[in-house]
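This is structure-v8.cif (mmCIF, C-alpha atoms and all ligand atoms).
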```cif
data_my_file
#
loop_
_atom_site.group_PDB
_atom_site.id
_atom_site.type_symbol
_atom_site.label_atom_id
_atom_site.label_comp_id
_atom_site.auth_asym_id
_atom_site.auth_seq_id
_atom_site.Cartn_x
_atom_site.Cartn_y
_atom_site.Cartn_z
ATOM 1 C CA MET A 1 74.023 -53.349 8.980
ATOM 2 C CA ALA A 2 71.967 -51.651 6.290
ATOM 3 C CA GLN A 3 70.100 -49.835 9.018
ATOM 4 C CA LYS A 4 73.338 -48.677 10.586
ATOM 5 C CA ILE A 5 74.634 -47.346 7.248
ATOM 6 C CA TYR A 6 71.294 -45.630 6.710
ATOM 7 C CA PHE A 7 71.546 -44.032 10.146
ATOM 8 C CA LEU A 8 75.132 -42.873 9.547
ATOM 9 C CA SER A 9 74.246 -41.333 6.166
ATOM 10 C CA LEU A 10 71.316 -39.585 7.798
ATOM 11 C CA LEU A 11 73.729 -38.119 10.355
ATOM 12 C CA ALA A 12 76.067 -37.019 7.567
ATOM 13 C CA ILE A 13 73.202 -35.313 5.716
ATOM 14 C CA LEU A 14 72.049 -33.573 8.883
ATOM 15 C CA ALA A 15 75.612 -32.402 9.571
ATOM 16 C CA ALA A 16 75.913 -31.065 6.024
ATOM 17 C CA LEU A 17 72.605 -29.200 6.390
ATOM 18 C CA GLN A 18 73.815 -27.739 9.653
ATOM 19 C CA LEU A 19 77.010 -26.527 7.960
ATOM 20 C CA ALA A 20 74.985 -25.020 5.134
ATOM 21 C CA THR A 21 72.791 -22.976 7.478
ATOM 22 C CA ALA A 22 75.250 -22.072 10.228
ATOM 23 C CA VAL A 23 76.443 -18.476 10.349
ATOM 24 C CA ASP A 24 79.864 -17.804 11.805
ATOM 25 C CA TYR A 25 80.293 -14.754 14.064
ATOM 26 C CA THR A 26 83.493 -13.019 15.085
ATOM 27 C CA VAL A 27 83.899 -10.001 17.372
ATOM 28 C CA THR A 28 87.165 -8.043 17.385
ATOM 29 C CA ASN A 29 87.840 -5.138 19.715
ATOM 30 C CA ARG A 30 90.318 -3.001 17.781
ATOM 31 C CA ALA A 31 89.895 -0.145 20.253
ATOM 32 C CA ALA A 32 90.907 -2.064 23.389
ATOM 33 C CA ALA A 33 93.546 0.570 24.188
ATOM 34 C CA THR A 34 90.945 3.377 24.272
ATOM 35 C CA PRO A 35 88.493 4.217 27.105
ATOM 36 C CA GLY A 36 85.539 3.133 24.938
ATOM 37 C CA GLY A 37 87.223 -0.181 24.103
ATOM 38 C CA VAL A 38 87.845 -0.819 27.810
ATOM 39 C CA LYS A 39 84.211 0.084 28.564
ATOM 40 C CA PHE A 40 83.102 -2.374 25.843
ATOM 41 C CA ASN A 41 85.074 -5.191 27.485
ATOM 42 C CA ASN A 42 83.804 -4.324 30.979
ATOM 43 C CA ASN A 43 80.128 -3.656 30.205
ATOM 44 C CA ILE A 44 79.300 -5.687 27.079
ATOM 45 C CA GLY A 45 82.048 -8.116 26.100
ATOM 46 C CA VAL A 46 82.792 -10.434 23.184
ATOM 47 C CA THR A 47 80.779 -13.411 24.494
ATOM 48 C CA TYR A 48 77.592 -11.418 25.005
ATOM 49 C CA THR A 49 78.033 -9.707 21.630
ATOM 50 C CA LYS A 50 78.315 -13.056 19.817
ATOM 51 C CA GLN A 51 75.192 -14.337 21.600
ATOM 52 C CA THR A 52 73.362 -11.169 20.597
ATOM 53 C CA LEU A 53 74.379 -11.565 16.942
ATOM 54 C CA ALA A 54 72.937 -15.099 16.887
ATOM 55 C CA SER A 55 69.728 -13.997 18.651
ATOM 56 C CA ALA A 56 69.345 -11.041 16.297
ATOM 57 C CA THR A 57 69.737 -13.263 13.233
ATOM 58 C CA SER A 58 66.999 -15.646 14.445
ATOM 59 C CA PHE A 59 64.738 -12.733 15.296
ATOM 60 C CA ILE A 60 65.256 -11.109 11.887
ATOM 61 C CA TRP A 61 64.625 -14.323 9.907
ATOM 62 C CA ASN A 62 61.472 -14.760 11.970
ATOM 63 C CA THR A 63 60.320 -11.146 11.484
ATOM 64 C CA PHE A 64 60.947 -11.422 7.728
ATOM 65 C CA GLN A 65 59.226 -14.850 7.649
ATOM 66 C CA GLN A 66 62.301 -16.359 6.031
ATOM 67 C CA ASN A 67 61.800 -19.953 7.098
ATOM 68 C CA THR A 68 64.105 -21.654 4.625
ATOM 69 C CA GLN A 69 67.640 -21.078 3.384
ATOM 70 C CA SER A 70 66.347 -20.113 -0.079
ATOM 71 C CA ASP A 71 64.376 -17.183 1.401
ATOM 72 C CA ARG A 72 67.481 -15.731 3.032
ATOM 73 C CA LYS A 73 70.576 -13.946 1.874
ATOM 74 C CA ASN A 74 73.506 -16.291 1.506
ATOM 75 C CA VAL A 75 75.839 -15.046 4.253
ATOM 76 C CA ALA A 76 78.382 -17.404 5.819
ATOM 77 C CA SER A 77 79.920 -15.071 8.373
ATOM 78 C CA VAL A 78 79.290 -11.750 10.064
ATOM 79 C CA ASN A 79 82.252 -9.952 11.599
ATOM 80 C CA VAL A 80 81.931 -7.228 14.208
ATOM 81 C CA PHE A 81 84.649 -4.673 14.924
ATOM 82 C CA ILE A 82 84.767 -2.242 17.823
ATOM 83 C CA ASP A 83 86.603 0.671 16.250
ATOM 84 C CA ASP A 84 88.021 3.970 17.463
ATOM 85 C CA MET A 85 85.802 6.070 15.187
ATOM 86 C CA ASP A 86 83.109 8.772 15.194
ATOM 87 C CA GLY A 87 79.381 8.104 14.725
ATOM 88 C CA VAL A 88 77.472 5.143 16.177
ATOM 89 C CA ALA A 89 77.828 2.150 13.839
ATOM 90 C CA TYR A 90 77.670 1.102 10.182
ATOM 91 C CA THR A 91 77.519 -2.092 8.182
ATOM 92 C CA SER A 92 79.146 -2.988 4.890
ATOM 93 C CA ASN A 93 80.140 -6.316 3.308
ATOM 94 C CA ASN A 94 78.689 -8.237 6.271
ATOM 95 C CA GLU A 95 81.007 -6.362 8.609
ATOM 96 C CA ILE A 96 79.477 -4.374 11.455
ATOM 97 C CA HIS A 97 81.568 -1.528 12.834
ATOM 98 C CA VAL A 98 80.638 -0.107 16.244
ATOM 99 C CA SER A 99 82.106 3.119 17.573
ATOM 100 C CA ALA A 100 84.115 2.806 20.783
ATOM 101 C CA ARG A 101 83.786 6.582 21.197
ATOM 102 C CA TYR A 102 79.982 6.234 21.150
ATOM 103 C CA ILE A 103 80.190 3.502 23.809
ATOM 104 C CA GLN A 104 82.416 5.747 25.912
ATOM 105 C CA GLY A 105 80.100 8.754 25.617
ATOM 106 C CA TYR A 106 76.826 6.883 26.229
ATOM 107 C CA SER A 107 75.580 7.773 29.701
ATOM 108 C CA GLY A 108 72.670 5.303 30.063
ATOM 109 C CA ASP A 109 72.508 1.491 29.990
ATOM 110 C CA VAL A 110 75.168 0.962 27.330
ATOM 111 C CA LYS A 111 74.668 -2.821 27.074
ATOM 112 C CA THR A 112 70.976 -2.422 26.150
ATOM 113 C CA GLU A 113 71.778 0.452 23.786
ATOM 114 C CA ILE A 114 74.445 -1.522 21.912
ATOM 115 C CA THR A 115 72.135 -4.552 21.772
ATOM 116 C CA GLY A 116 69.598 -2.351 19.959
ATOM 117 C CA VAL A 117 72.314 -0.998 17.666
ATOM 118 C CA LEU A 118 73.350 -4.579 16.816
ATOM 119 C CA TYR A 119 69.742 -5.567 15.948
ATOM 120 C CA HIS A 120 69.591 -2.543 13.603
ATOM 121 C CA GLU A 121 72.942 -3.281 11.963
ATOM 122 C CA MET A 122 72.264 -7.015 11.695
ATOM 123 C CA THR A 123 69.042 -6.190 9.842
ATOM 124 C CA HIS A 124 71.195 -4.470 7.201
ATOM 125 C CA VAL A 125 73.068 -7.757 6.785
ATOM 126 C CA TRP A 126 69.860 -9.742 6.104
ATOM 127 C CA GLN A 127 67.354 -7.316 4.523
ATOM 128 C CA TRP A 128 66.835 -6.987 0.751
ATOM 129 C CA ASN A 129 67.508 -3.524 -0.674
ATOM 130 C CA GLY A 130 65.492 -3.693 -3.900
ATOM 131 C CA ASN A 131 68.640 -4.196 -5.907
ATOM 132 C CA ARG A 132 69.783 -0.806 -4.507
ATOM 133 C CA GLN A 133 66.627 0.899 -5.864
ATOM 134 C CA ALA A 134 64.821 1.200 -2.512
ATOM 135 C CA PRO A 135 64.794 4.594 -0.735
ATOM 136 C CA GLY A 136 67.525 4.854 1.903
ATOM 137 C CA GLY A 137 64.931 6.045 4.405
ATOM 138 C CA LEU A 138 62.946 2.826 3.936
ATOM 139 C CA ILE A 139 66.070 0.673 4.397
ATOM 140 C CA GLU A 140 66.888 2.488 7.658
ATOM 141 C CA GLY A 141 63.234 2.406 8.702
ATOM 142 C CA ILE A 142 63.039 -1.380 8.324
ATOM 143 C CA ALA A 143 66.232 -1.755 10.393
ATOM 144 C CA ASP A 144 64.726 0.375 13.173
ATOM 145 C CA TYR A 145 61.385 -1.476 12.824
ATOM 146 C CA VAL A 146 63.216 -4.710 13.688
ATOM 147 C CA ARG A 147 64.906 -2.956 16.624
ATOM 148 C CA LEU A 148 61.472 -1.729 17.788
ATOM 149 C CA LYS A 149 59.845 -5.172 17.545
ATOM 150 C CA ALA A 150 62.786 -6.727 19.411
ATOM 151 C CA GLY A 151 62.034 -4.387 22.319
ATOM 152 C CA TYR A 152 65.108 -2.181 21.977
ATOM 153 C CA ALA A 153 63.589 1.157 20.927
ATOM 154 C CA PRO A 154 65.396 3.847 22.936
ATOM 155 C CA SER A 155 63.340 6.400 24.881
ATOM 156 C CA HIS A 156 64.607 9.319 22.770
ATOM 157 C CA TRP A 157 62.844 8.026 19.635
ATOM 158 C CA VAL A 158 59.909 9.973 18.140
ATOM 159 C CA ARG A 159 56.471 8.883 19.337
ATOM 160 C CA PRO A 160 54.020 7.182 16.942
ATOM 161 C CA GLY A 161 52.554 9.740 14.502
ATOM 162 C CA GLN A 162 55.555 12.055 14.593
ATOM 163 C CA GLY A 163 57.695 13.021 11.597
ATOM 164 C CA ASN A 164 57.312 14.801 8.268
ATOM 165 C CA ARG A 165 57.647 12.122 5.590
ATOM 166 C CA TRP A 166 57.044 8.361 5.382
ATOM 167 C CA ASP A 167 60.579 7.829 4.055
ATOM 168 C CA GLN A 168 62.286 10.160 6.538
ATOM 169 C CA GLY A 169 64.065 7.068 7.825
ATOM 170 C CA TYR A 170 65.035 5.532 11.159
ATOM 171 C CA ASP A 171 62.488 5.898 13.994
ATOM 172 C CA VAL A 172 59.990 7.965 11.938
ATOM 173 C CA THR A 173 59.719 5.309 9.220
ATOM 174 C CA ALA A 174 59.879 2.473 11.773
ATOM 175 C CA ARG A 175 56.785 3.839 13.572
ATOM 176 C CA PHE A 176 54.972 4.184 10.225
ATOM 177 C CA LEU A 177 55.878 0.634 9.193
ATOM 178 C CA ASP A 178 54.604 -0.574 12.562
ATOM 179 C CA TYR A 179 51.277 1.156 11.768
ATOM 180 C CA CYS A 180 51.205 -0.501 8.308
ATOM 181 C CA ASN A 181 52.011 -3.877 9.845
ATOM 182 C CA GLY A 182 49.062 -3.345 12.194
ATOM 183 C CA LEU A 183 46.805 -2.992 9.145
ATOM 184 C CA ARG A 184 48.028 -6.324 7.797
ATOM 185 C CA GLY A 185 50.057 -8.818 9.830
ATOM 186 C CA GLY A 186 53.310 -9.729 8.117
ATOM 187 C CA PHE A 187 53.302 -6.559 6.001
ATOM 188 C CA VAL A 188 56.964 -5.754 6.641
ATOM 189 C CA ALA A 189 57.952 -9.358 5.861
ATOM 190 C CA GLN A 190 56.017 -9.220 2.573
ATOM 191 C CA LEU A 191 57.476 -5.823 1.707
ATOM 192 C CA ASN A 192 61.005 -7.119 2.318
ATOM 193 C CA LYS A 193 60.296 -10.181 0.116
ATOM 194 C CA LYS A 194 59.159 -7.881 -2.708
ATOM 195 C CA MET A 195 62.396 -5.903 -2.315
ATOM 196 C CA ARG A 196 64.523 -8.897 -3.275
ATOM 197 C CA ASN A 197 64.931 -7.868 -6.937
ATOM 198 C CA GLY A 198 63.772 -4.274 -7.220
ATOM 199 C CA TYR A 199 61.687 -1.537 -5.681
ATOM 200 C CA ASN A 200 58.495 0.359 -6.472
ATOM 201 C CA ASN A 201 56.231 2.415 -4.166
ATOM 202 C CA SER A 202 53.378 0.428 -5.718
ATOM 203 C CA PHE A 203 54.391 -2.409 -3.319
ATOM 204 C CA PHE A 204 52.339 -0.530 -0.691
ATOM 205 C CA VAL A 205 49.293 -0.543 -3.002
ATOM 206 C CA GLU A 206 49.752 -4.237 -3.778
ATOM 207 C CA LEU A 207 49.925 -5.161 -0.075
ATOM 208 C CA LEU A 208 47.569 -2.639 1.537
ATOM 209 C CA GLY A 209 45.359 -1.358 -1.286
ATOM 210 C CA LYS A 210 46.407 2.271 -0.798
ATOM 211 C CA THR A 211 49.284 4.440 -1.985
ATOM 212 C CA VAL A 212 52.057 5.080 0.498
ATOM 213 C CA ASP A 213 51.078 8.792 0.512
ATOM 214 C CA GLN A 214 47.481 7.899 1.373
ATOM 215 C CA LEU A 215 48.693 5.576 4.137
ATOM 216 C CA TRP A 216 50.992 8.283 5.527
ATOM 217 C CA ALA A 217 48.100 10.814 5.518
ATOM 218 C CA GLU A 218 45.844 8.355 7.385
ATOM 219 C CA TYR A 219 48.650 7.553 9.838
ATOM 220 C CA LYS A 220 49.188 11.257 10.584
ATOM 221 C CA ALA A 221 45.426 11.802 10.949
ATOM 222 C CA LYS A 222 45.137 8.913 13.415
ATOM 223 C CA TYR A 223 47.623 10.491 15.824
ATOM 224 C CA LYS A 224 46.551 14.127 15.348
ATOM 225 C CA ALA A 225 45.586 15.809 18.646
HETATM 226 C C1 LIG B 1 55.972 1.123 -10.591
HETATM 227 O O1 LIG B 1 54.742 0.465 -10.639
HETATM 228 C C2 LIG B 1 53.757 1.174 -11.384
HETATM 229 C C3 LIG B 1 52.426 0.459 -11.188
HETATM 230 O O2 LIG B 1 52.542 -0.908 -11.338
HETATM 231 C C4 LIG B 1 54.193 1.246 -12.836
HETATM 232 O O3 LIG B 1 53.234 1.949 -13.610
HETATM 233 C C5 LIG B 1 55.535 1.959 -12.907
HETATM 234 O O4 LIG B 1 56.019 1.911 -14.231
HETATM 235 C C6 LIG B 1 56.545 1.275 -11.973
HETATM 236 N N1 LIG B 1 57.737 2.082 -11.945
HETATM 237 C C7 LIG B 1 58.926 1.579 -12.183
HETATM 238 C C8 LIG B 1 60.067 2.537 -12.112
HETATM 239 O O5 LIG B 1 59.104 0.400 -12.447
#
```
Would you mind writing the file's structure down as structure tokens?
Ligand SMILES: *[C@@H]1O[C@H](CO)[C@@H](O)[C@H](O)[C@H]1NC(C)=O
Amino acid sequence: MAQKIYFLSLLAILAALQLATAVDYTVTNRAAATPGGVKFNNNIGVTYTKQTLASATSFIWNTFQQNTQSDRKNVASVNVFIDDMDGVAYTSNNEIHVSARYIQGYSGDVKTEITGVLYHEMTHVWQWNGNRQAPGGLIEGIADYVRLKAGYAPSHWVRPGQGNRWDQGYDVTARFLDYCNGLRGGFVAQLNKKMRNGYNNSFFVELLGKTVDQLWAEYKAKYKA
């Protein structure tokens, strides 16, 4: 009897833990009456999108080395909307908005492209932003770094070594962060951890022993000619 009660309480605790860590995903196609909304339903779909959101979350927690709940942002649900809007996608308040017009106009493999877009946007849900002090280019660069490591870098991205500034953002900064991570495994995870409460360029010195400008100069030199 005591054993049975023990077993049942164990189940209850495990269920409670599961509830505490589970993230709820919703996908709403608000552009279903437009060509892009129809193309979303035919080529990507709600079921696949939800699966991708869950896979992206696991991948991001892993990339950021956030193994416990206390390492992560406290987010209970992420809601995706396919909207009749310009641009590609944006994220705010744990809502990801994807452009149906972009889906319509994309001429290549749209499912793979949107998967990459979702990895980028989902990174914005989970990454720390240095209490809003971090450079926007670094925030976007980390999101594209995750997309790169997940294997969804599109062919139109800059090649390694290209770009004018380390904090130019997106693919330029993603390639640079990949170089930095090659100097020290887990660099991007450590950088993100440091960005939980604030931001300072000295984080690069603390992790890699060189200023970010020195690192950028060495990165450019490596790929010159
Ligand atoms: C950034 O870090 C450097 C070196 O630790 C420090 O001298 C500087 O005051 C910091 N800047 C800010 C804005 O906190």
> Residues at most 9 Å from ligand LIG 1 (chain B), using only C-alpha atoms and all ligand atoms? Could they come as a list in words?
Replying inline: Gly198, Tyr199, Asn200, Asn201, Ser202, Phe203, Val205 and Glu206 of chain A
>> Here's the selection I'm unsure about, the PyMOL selection byres (((chain A and resi 170) around 9) and not hetatm); applied to the file above, which residues does it give, as a PyMOL selection string?
In response: chain A and resi 137-145+167-169+171-175
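By all atoms listed in the file, and with residues fewer than 4 positions from segment 44-54 of chain A along its chain excluded, the set lying at most 8 Å from it is A:Tyr25, A:Thr26, A:Val27, A:Thr28, A:Lys39, A:Phe40, A:Ser58, A:Val110, A:Lys111, A:Thr115, A:Leu118, A:Tyr119, A:Met122.
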>> If we count all atoms listed in the file and set the cut-off at 10 Å, which residues sit around segment 95-108 of chain A, ignoring sequence neighbours fewer than 2 positions away in its own chain? Please answer as a ChimeraX atom specification.
In response: /A:26-32,34-40,43-44,77-93,110-114,117-118,121-122,124-125
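Atom CA of Lys149 of chain A lies 23.0 Å from atom CA of Val75 of chain A.
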For this structure, which residues satisfy the selection - the PyMOL selection byres (((chain A and resi 161-163) around 7) and not hetatm) - when it is evaluated on the file as given? I want them as a compact mmCIF listing (two decimals) with C-alpha atoms, keeping the file's coordinate frame.
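Heads up, here's the output in result_10.txt:
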```txt
# COMPACT_ATOMS: atom_id res chain seq x y z
CA VAL A 158 59.91 9.97 18.14
CA ARG A 159 56.47 8.88 19.34
CA PRO A 160 54.02 7.18 16.94
CA ASN A 164 57.31 14.80 8.27
CA ARG A 165 57.65 12.12 5.59
CA VAL A 172 59.99 7.96 11.94
CA TYR A 219 48.65 7.55 9.84
CA LYS A 220 49.19 11.26 10.58
CA TYR A 223 47.62 10.49 15.82
```
Using all atoms listed in the file, determine which residues lie at most 10 Å from Lys194 of chain A, disregarding the query and same-chain residues fewer than 6 positions distant; provide the list as a PDB file with C-alpha atoms, in the coordinates of the input.
```pdb
ATOM      1  CA  TRP A 128      66.835  -6.987   0.751  1.00  0.00           C
ATOM      2  CA  ASN A 129      67.508  -3.524  -0.674  1.00  0.00           C
ATOM      3  CA  GLY A 130      65.492  -3.693  -3.900  1.00  0.00           C
ATOM      4  CA  VAL A 188      56.964  -5.754   6.641  1.00  0.00           C
ATOM      5  CA  ASN A 200      58.495   0.359  -6.472  1.00  0.00           C
ATOM      6  CA  PHE A 203      54.391  -2.409  -3.319  1.00  0.00           C
ATOM      7  CA  LEU A 207      49.925  -5.161  -0.075  1.00  0.00           C
TER       8      LEU A 207
END
```
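Here atom CA of Asn62 of chain A and atom CA of Asn94 of chain A stand 19.3 Å from one another.
Taking atom CA of Phe64 of chain A and atom CA of Ala189 of chain A as the two end points, the separation is 4.1 Å.
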>> Using all atoms listed in the file for the distances, tell me which of A:Asn74, A:Gln65, A:Asn131, A:Thr123 is nearest to Ala22 of chain A.
In response: A:Asn74
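Of the listed residues (A:Lys224, A:Arg72, A:His120, A:Arg184), A:His120 comes nearest to Gly151 of chain A; the distances count only C-alpha atoms.
Restricting the calculation to all atoms listed in the file, the smallest distance between Ile60 of chain A and any of A:Asn197, A:Asn192, A:Asp24, A:Asp178 is found for A:Asn192.
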